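Here is the structure we will look at, set down as structure tokens.
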Amino acid sequence: MASSENIIYRAGVDFESRPMVVICACNLPDPAVVDYDLILRVVLAQLEQFVENDYTIVMFSGGAMYRPGWKWLFRAYRSLSRRYKKNLKALYIVHPSTWPRLIFGTTNALISPKFGAKVHYIDNLSQLARVVPLNQVKIPAAVYRHNLNFEETITLPENEQDHANRVFGAPLERLMGPSGEEGLPKFIQDCIGNLIKNGLYVEGLFRRSPSSAMLKQVRAAYDRGYPINLSEYDIHISAVLLKLYLRELPTPIFPVTIYEQLQRQKRDEDKQQTVAEFIRAEVISQASHNNLILMMEVFRLLKLVADRHESNKMTAHNLALVLTPNMVRHSDVMQEIALSSVGYKEKDTVLDGALMLGTVVKIMIEDYDDVF
């Protein structure tokens, strides 16, 4: 049986600070396997926690594989005694299909017109954002997918467009503290954790693209300040989100100050360095404390991926090709492309002439333990 926590659960508060309860039809189990009367008892038991005070229900109707029968729906409605309805201030039915409209419309007209005034039909998540704060609601992946049938992107009300929870494009100092005292951002932990748990053997990781529309919705959820369960989504969404995050950092993960050092054609003959020594002395040492924390975690993940290249086809060279363009920032596009190229130098090669950032990335993946 699907966990009751996935069918009904407590959310945050609505715009009037009333607690919200979420009901997800998409998580209903097969009625041929599970007795829906048991589910009804679970739902009523959960509602018991809220009925003594004002509360709001958000019901996600769309994206369901299984639907209860008419008799059960009518019986469920009749089970909502006056004490459940009295303090319910609003019932928002999101992505309503014919069956909830008919059942609530018919019963409200015949039994309780007053309760019917509390029922509101919401066509998409942008419309829901106008009546409840989306950053207070955990939205299942199936609901996001279903929402794509009605809109490609979720539009927030004007007063919520720019908020302190934004992840993409935010300075690391805001997310981690001036000296990294807040630790790795939750978003990065989610992406890396999901990729390690579910993606290390996936062919084409970091190279393949997920649904563009789905990617936008997941990204928007994080920028609203509500982390989601990435394991419910295509694994390539986690990989691409990580690349986008690196690309949009206000200050690139590799400091711009190292570009000149990388591109020097002539090296000091009295100070010969191997590529690995150069990376430690001129790249790692130049990174800020926050950048270094982020860099170590990202490259630890990339090393784990490269170590499984026989399964996922992503060698250190292939990873460097697709990741480096997201780590470079240059005013000259052609210079950016040149810096992103990946050569075949090894860590013990004596550095002579220019060194491309793509090659640095490849070696940092291959020789993670030596470099860091």
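Identifiers in this document derive from the order of the structure tokens: chains are assigned A, B, ..., residues are numbered from 1 separately in each chain, and ligands are numbered from 1 in order of occurrence.
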Checklist entry - What lies within 8 Å of Val143 of chain A using only C-alpha atoms, ignoring chain neighbours under 3 positions off, as a VMD selection string? => result chain A and resid 26 60 62 to 63 139 to 140 146 to 147
Store the residues picked out above, limited to N, CA, C and O atoms, as an mmCIF file, in the first residue's frame.
data_model
loop_
_atom_site.group_PDB
_atom_site.id
_atom_site.type_symbol
_atom_site.label_atom_id
_atom_site.label_comp_id
_atom_site.auth_asym_id
_atom_site.auth_seq_id
_atom_site.Cartn_x
_atom_site.Cartn_y
_atom_site.Cartn_z
ATOM 1 N N CYS A 26 -2.765 11.438 -6.946
ATOM 2 C CA CYS A 26 -1.761 10.733 -7.754
ATOM 3 C C CYS A 26 -1.085 9.610 -6.982
ATOM 4 O O CYS A 26 -0.454 8.735 -7.577
ATOM 5 N N PHE A 60 -4.730 17.715 -4.854
ATOM 6 C CA PHE A 60 -4.190 17.542 -6.205
ATOM 7 C C PHE A 60 -4.934 16.384 -6.858
ATOM 8 O O PHE A 60 -4.719 15.216 -6.539
ATOM 9 N N GLY A 62 -5.127 15.842 -10.323
ATOM 10 C CA GLY A 62 -4.549 15.363 -11.580
ATOM 11 C C GLY A 62 -3.383 14.417 -11.394
ATOM 12 O O GLY A 62 -2.801 14.295 -10.316
ATOM 13 N N GLY A 63 -3.043 13.716 -12.459
ATOM 14 C CA GLY A 63 -1.894 12.828 -12.464
ATOM 15 C C GLY A 63 -2.137 11.490 -11.800
ATOM 16 O O GLY A 63 -1.198 10.728 -11.560
ATOM 17 N N ILE A 139 4.897 19.578 -3.583
ATOM 18 C CA ILE A 139 4.149 19.182 -4.776
ATOM 19 C C ILE A 139 4.780 17.933 -5.379
ATOM 20 O O ILE A 139 5.962 17.933 -5.725
ATOM 21 N N PRO A 140 4.036 16.846 -5.517
ATOM 22 C CA PRO A 140 4.602 15.602 -6.074
ATOM 23 C C PRO A 140 5.027 15.758 -7.528
ATOM 24 O O PRO A 140 4.487 16.599 -8.272
ATOM 25 N N HIS A 146 1.767 16.520 -14.713
ATOM 26 C CA HIS A 146 0.404 16.758 -15.184
ATOM 27 C C HIS A 146 0.187 18.240 -15.505
ATOM 28 O O HIS A 146 -0.522 18.582 -16.457
ATOM 29 N N ASN A 147 0.804 19.101 -14.739
ATOM 30 C CA ASN A 147 0.651 20.542 -14.951
ATOM 31 C C ASN A 147 1.181 20.986 -16.313
ATOM 32 O O ASN A 147 0.740 21.999 -16.862
#
Checklist entry - Among segment 8-145 of chain A, which residues carry a DSSP assignment of strand (DSSP E or B), reported as number ranges by chain? => result A: 8-13, 19-24, 55-60, 88-94, 119-122
If we count only C-alpha atoms and set the cut-off at 10 Å, which residues sit around Ser97 of chain A, ignoring sequence neighbours fewer than 4 positions away in its own chain? Please answer as a PDB file with N, CA, C and O atoms, in the first residue's frame.
ATOM      1  N   SER A  61      -5.803  16.734  -7.795  1.00  0.00           N
ATOM      2  CA  SER A  61      -6.660  15.730  -8.427  1.00  0.00           C
ATOM      3  C   SER A  61      -6.006  15.096  -9.646  1.00  0.00           C
ATOM      4  O   SER A  61      -6.279  13.946  -9.986  1.00  0.00           O
ATOM      5  N   GLY A  62      -5.127  15.842 -10.323  1.00  0.00           N
ATOM      6  CA  GLY A  62      -4.549  15.363 -11.580  1.00  0.00           C
ATOM      7  C   GLY A  62      -3.383  14.417 -11.394  1.00  0.00           C
ATOM      8  O   GLY A  62      -2.801  14.295 -10.316  1.00  0.00           O
ATOM      9  N   ILE A  93      -9.290  22.409  -5.252  1.00  0.00           N
ATOM     10  CA  ILE A  93      -9.132  21.192  -6.046  1.00  0.00           C
ATOM     11  C   ILE A  93      -8.335  21.553  -7.292  1.00  0.00           C
ATOM     12  O   ILE A  93      -8.817  22.281  -8.164  1.00  0.00           O
ATOM     13  N   ARG A 101     -15.591  17.448  -9.998  1.00  0.00           N
ATOM     14  CA  ARG A 101     -16.560  18.520 -10.248  1.00  0.00           C
ATOM     15  C   ARG A 101     -17.985  18.010 -10.061  1.00  0.00           C
ATOM     16  O   ARG A 101     -18.833  18.662  -9.442  1.00  0.00           O
ATOM     17  N   LEU A 102     -18.243  16.819 -10.610  1.00  0.00           N
ATOM     18  CA  LEU A 102     -19.597  16.259 -10.516  1.00  0.00           C
ATOM     19  C   LEU A 102     -19.963  15.889  -9.090  1.00  0.00           C
ATOM     20  O   LEU A 102     -21.054  16.221  -8.615  1.00  0.00           O
ATOM     21  N   TYR A 121     -12.108  25.463  -7.726  1.00  0.00           N
ATOM     22  CA  TYR A 121     -11.442  24.654  -8.745  1.00  0.00           C
ATOM     23  C   TYR A 121     -10.278  25.442  -9.330  1.00  0.00           C
ATOM     24  O   TYR A 121     -10.451  26.581  -9.784  1.00  0.00           O
ATOM     25  N   ASP A 123      -7.155  25.472 -12.061  1.00  0.00           N
ATOM     26  CA  ASP A 123      -6.790  24.829 -13.325  1.00  0.00           C
ATOM     27  C   ASP A 123      -5.317  24.491 -13.462  1.00  0.00           C
ATOM     28  O   ASP A 123      -4.958  23.545 -14.171  1.00  0.00           O
TER      29      ASP A 123
END
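Taking atom CA of Pro255 of chain A and atom CA of Ser288 of chain A as the two end points, the separation is 8.5 Å.
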Item to check | Long-range neighbours of Ile293 of chain A as a list in words, 9 Å cut-off, only C-alpha atoms, 3 positions minimum in chain | outcome: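 Within the cut-off, the hits are Gly180, Gly183, Leu184, Ser288, His289, Asn290, Met296, Glu297 and Val298 of chain A.
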Next on the checklist: Would you compute the distance between atom CA of Leu125 of chain A and atom CA of Tyr233 of chain A? Give it in Å to one decimal.
Outcome noted: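 Between atom CA of Leu125 of chain A and atom CA of Tyr233 of chain A the gap works out to 18.0 Å.
Closest to Asp30 of chain A among A:Ile8, A:Val42, A:Leu195, A:Met65 is A:Met65, based on only C-alpha atoms.
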Next on the checklist: Give me, as number ranges by chain, the residues of segment 22-94 of chain A that a backbone DSSP run labels helix (DSSP H, G or I).
Outcome noted: A: 25-27, 36-47, 70-79, 82-86
Checklist entry - In terms of the shortest atom-to-atom distance over only C-alpha atoms, which of A:Tyr66, A:Phe50, A:Phe372, A:Phe150 is closest to Ala32 of chain A? => result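 Under the stated criterion, the closest residue is A:Tyr66.
Candidate residues A:Ala239, A:Ala141, A:Ile365, A:Val342 were compared for distance to Phe299 of chain A, and the nearest is A:Ile365, using only C-alpha atoms.
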Can I get the residues of segment 123-213 of chain A within 10 Å of segment 243-247 of chain A, each with the closest pair of atoms and their distance in Å to one decimal, using only C-alpha atoms, sorted chain first then ascending number, as a tab-separated table?
residue	atom	partner	partner_atom	distance
A:Val167	CA	A:Tyr245	CA	8.0
A:Phe168	CA	A:Tyr245	CA	5.6
A:Gly169	CA	A:Tyr245	CA	7.2
A:Ala170	CA	A:Tyr245	CA	9.2
A:Phe187	CA	A:Tyr245	CA	9.4
A:Ile188	CA	A:Tyr245	CA	8.7
A:Phe206	CA	A:Lys243	CA	7.9
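The shell of residues at most 6 Å from segment 359-363 of chain A, with only C-alpha atoms counted and near chain neighbours (fewer than 2 positions) removed, consists of Ala316, His317, Ala320, Val342, Gly343, Met356, Leu357, Ile365, Glu366 and Asp367 of chain A.
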Checklist entry - Residues at most 12 Å from Glu336 of chain A, counting only C-alpha atoms, excluding those fewer than 5 positions away in the same chain, as a PyMOL selection string? => result chain A and resi 256+259+263+324-331+341+356-358
Selection from above, C-alpha atoms, as a PDB file, in the first residue's frame, can you write it?
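Listed below is the output, result-v5.pdb:
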ATOM      1  CA  VAL A 256      38.892  34.531 -13.673  1.00  0.00           C
ATOM      2  CA  TYR A 259      42.955  32.539 -17.045  1.00  0.00           C
ATOM      3  CA  GLN A 263      47.187  30.862 -21.356  1.00  0.00           C
ATOM      4  CA  THR A 324      33.902  22.906 -18.436  1.00  0.00           C
ATOM      5  CA  PRO A 325      31.739  25.289 -20.531  1.00  0.00           C
ATOM      6  CA  ASN A 326      29.606  25.725 -17.399  1.00  0.00           C
ATOM      7  CA  MET A 327      32.647  26.683 -15.313  1.00  0.00           C
ATOM      8  CA  VAL A 328      34.164  29.286 -17.642  1.00  0.00           C
ATOM      9  CA  ARG A 329      33.215  32.959 -17.768  1.00  0.00           C
ATOM     10  CA  HIS A 330      34.881  35.193 -20.356  1.00  0.00           C
ATOM     11  CA  SER A 331      33.753  38.350 -22.136  1.00  0.00           C
ATOM     12  CA  SER A 341      38.832  22.644 -24.837  1.00  0.00           C
ATOM     13  CA  MET A 356      43.363  24.858 -21.219  1.00  0.00           C
ATOM     14  CA  LEU A 357      40.849  24.858 -18.374  1.00  0.00           C
ATOM     15  CA  GLY A 358      39.175  21.802 -19.898  1.00  0.00           C
TER      16      GLY A 358
END
Item to check | Nearest-residue call for Tyr144 of chain A, choices A:Leu175, A:Val305, A:Leu200, A:Ile228, using only C-alpha atoms | outcome: A:Ile228
Next on the checklist: From the options A:Ile284, A:Ala220, A:Val43, A:Val13, which residue's atoms come nearest to Glu152 of chain A, counting only C-alpha atoms?
Outcome noted: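 Once distances to Glu152 of chain A are computed over only C-alpha atoms, the minimum belongs to A:Ala220.
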List the spatial neighbours of Asn124 of chain A as an mmCIF file with N, CA, C and O atoms, in the first residue's frame - criterion: any atom at most 9 Å away, only C-alpha atoms, same-chain residues fewer than 4 positions off excluded.
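around_4.cif written:
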data_model
loop_
_atom_site.group_PDB
_atom_site.id
_atom_site.type_symbol
_atom_site.label_atom_id
_atom_site.label_comp_id
_atom_site.auth_asym_id
_atom_site.auth_seq_id
_atom_site.Cartn_x
_atom_site.Cartn_y
_atom_site.Cartn_z
ATOM 1 N N VAL A 94 -7.106 21.069 -7.359
ATOM 2 C CA VAL A 94 -6.170 21.446 -8.422
ATOM 3 C C VAL A 94 -6.242 20.429 -9.555
ATOM 4 O O VAL A 94 -6.259 19.228 -9.318
ATOM 5 N N HIS A 95 -6.258 20.930 -10.797
ATOM 6 C CA HIS A 95 -6.387 20.087 -11.989
ATOM 7 C C HIS A 95 -7.654 19.221 -11.902
ATOM 8 O O HIS A 95 -7.586 17.994 -12.056
ATOM 9 N N LEU A 128 -2.926 28.314 -8.648
ATOM 10 C CA LEU A 128 -2.817 27.949 -7.237
ATOM 11 C C LEU A 128 -1.913 28.922 -6.492
ATOM 12 O O LEU A 128 -2.173 29.258 -5.318
ATOM 13 N N ALA A 129 -0.844 29.399 -7.164
ATOM 14 C CA ALA A 129 0.105 30.321 -6.530
ATOM 15 C C ALA A 129 -0.545 31.638 -6.136
ATOM 16 O O ALA A 129 -0.018 32.357 -5.283
ATOM 17 N N ASN A 147 0.804 19.101 -14.739
ATOM 18 C CA ASN A 147 0.651 20.542 -14.951
ATOM 19 C C ASN A 147 1.181 20.986 -16.313
ATOM 20 O O ASN A 147 0.740 21.999 -16.862
ATOM 21 N N LEU A 148 2.130 20.224 -16.866
ATOM 22 C CA LEU A 148 2.675 20.568 -18.181
ATOM 23 C C LEU A 148 1.624 20.479 -19.279
ATOM 24 O O LEU A 148 1.808 21.030 -20.372
ATOM 25 N N PHE A 150 -1.056 21.979 -19.108
ATOM 26 C CA PHE A 150 -1.794 23.235 -19.058
ATOM 27 C C PHE A 150 -0.902 24.462 -19.172
ATOM 28 O O PHE A 150 -1.363 25.519 -19.610
ATOM 29 N N GLU A 151 0.364 24.346 -18.791
ATOM 30 C CA GLU A 151 1.285 25.486 -18.876
ATOM 31 C C GLU A 151 2.716 24.967 -18.851
ATOM 32 O O GLU A 151 3.011 23.962 -18.205
ATOM 33 N N ILE A 154 5.507 27.971 -14.502
ATOM 34 C CA ILE A 154 4.635 28.440 -13.433
ATOM 35 C C ILE A 154 4.924 29.916 -13.193
ATOM 36 O O ILE A 154 6.071 30.311 -12.966
#
Item to check | Proximity to Asn291 of chain A - best of A:Ser211, A:Gln273, A:Gln261, A:Thr251, only C-alpha atoms | outcome: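 Closest candidate: A:Thr251.
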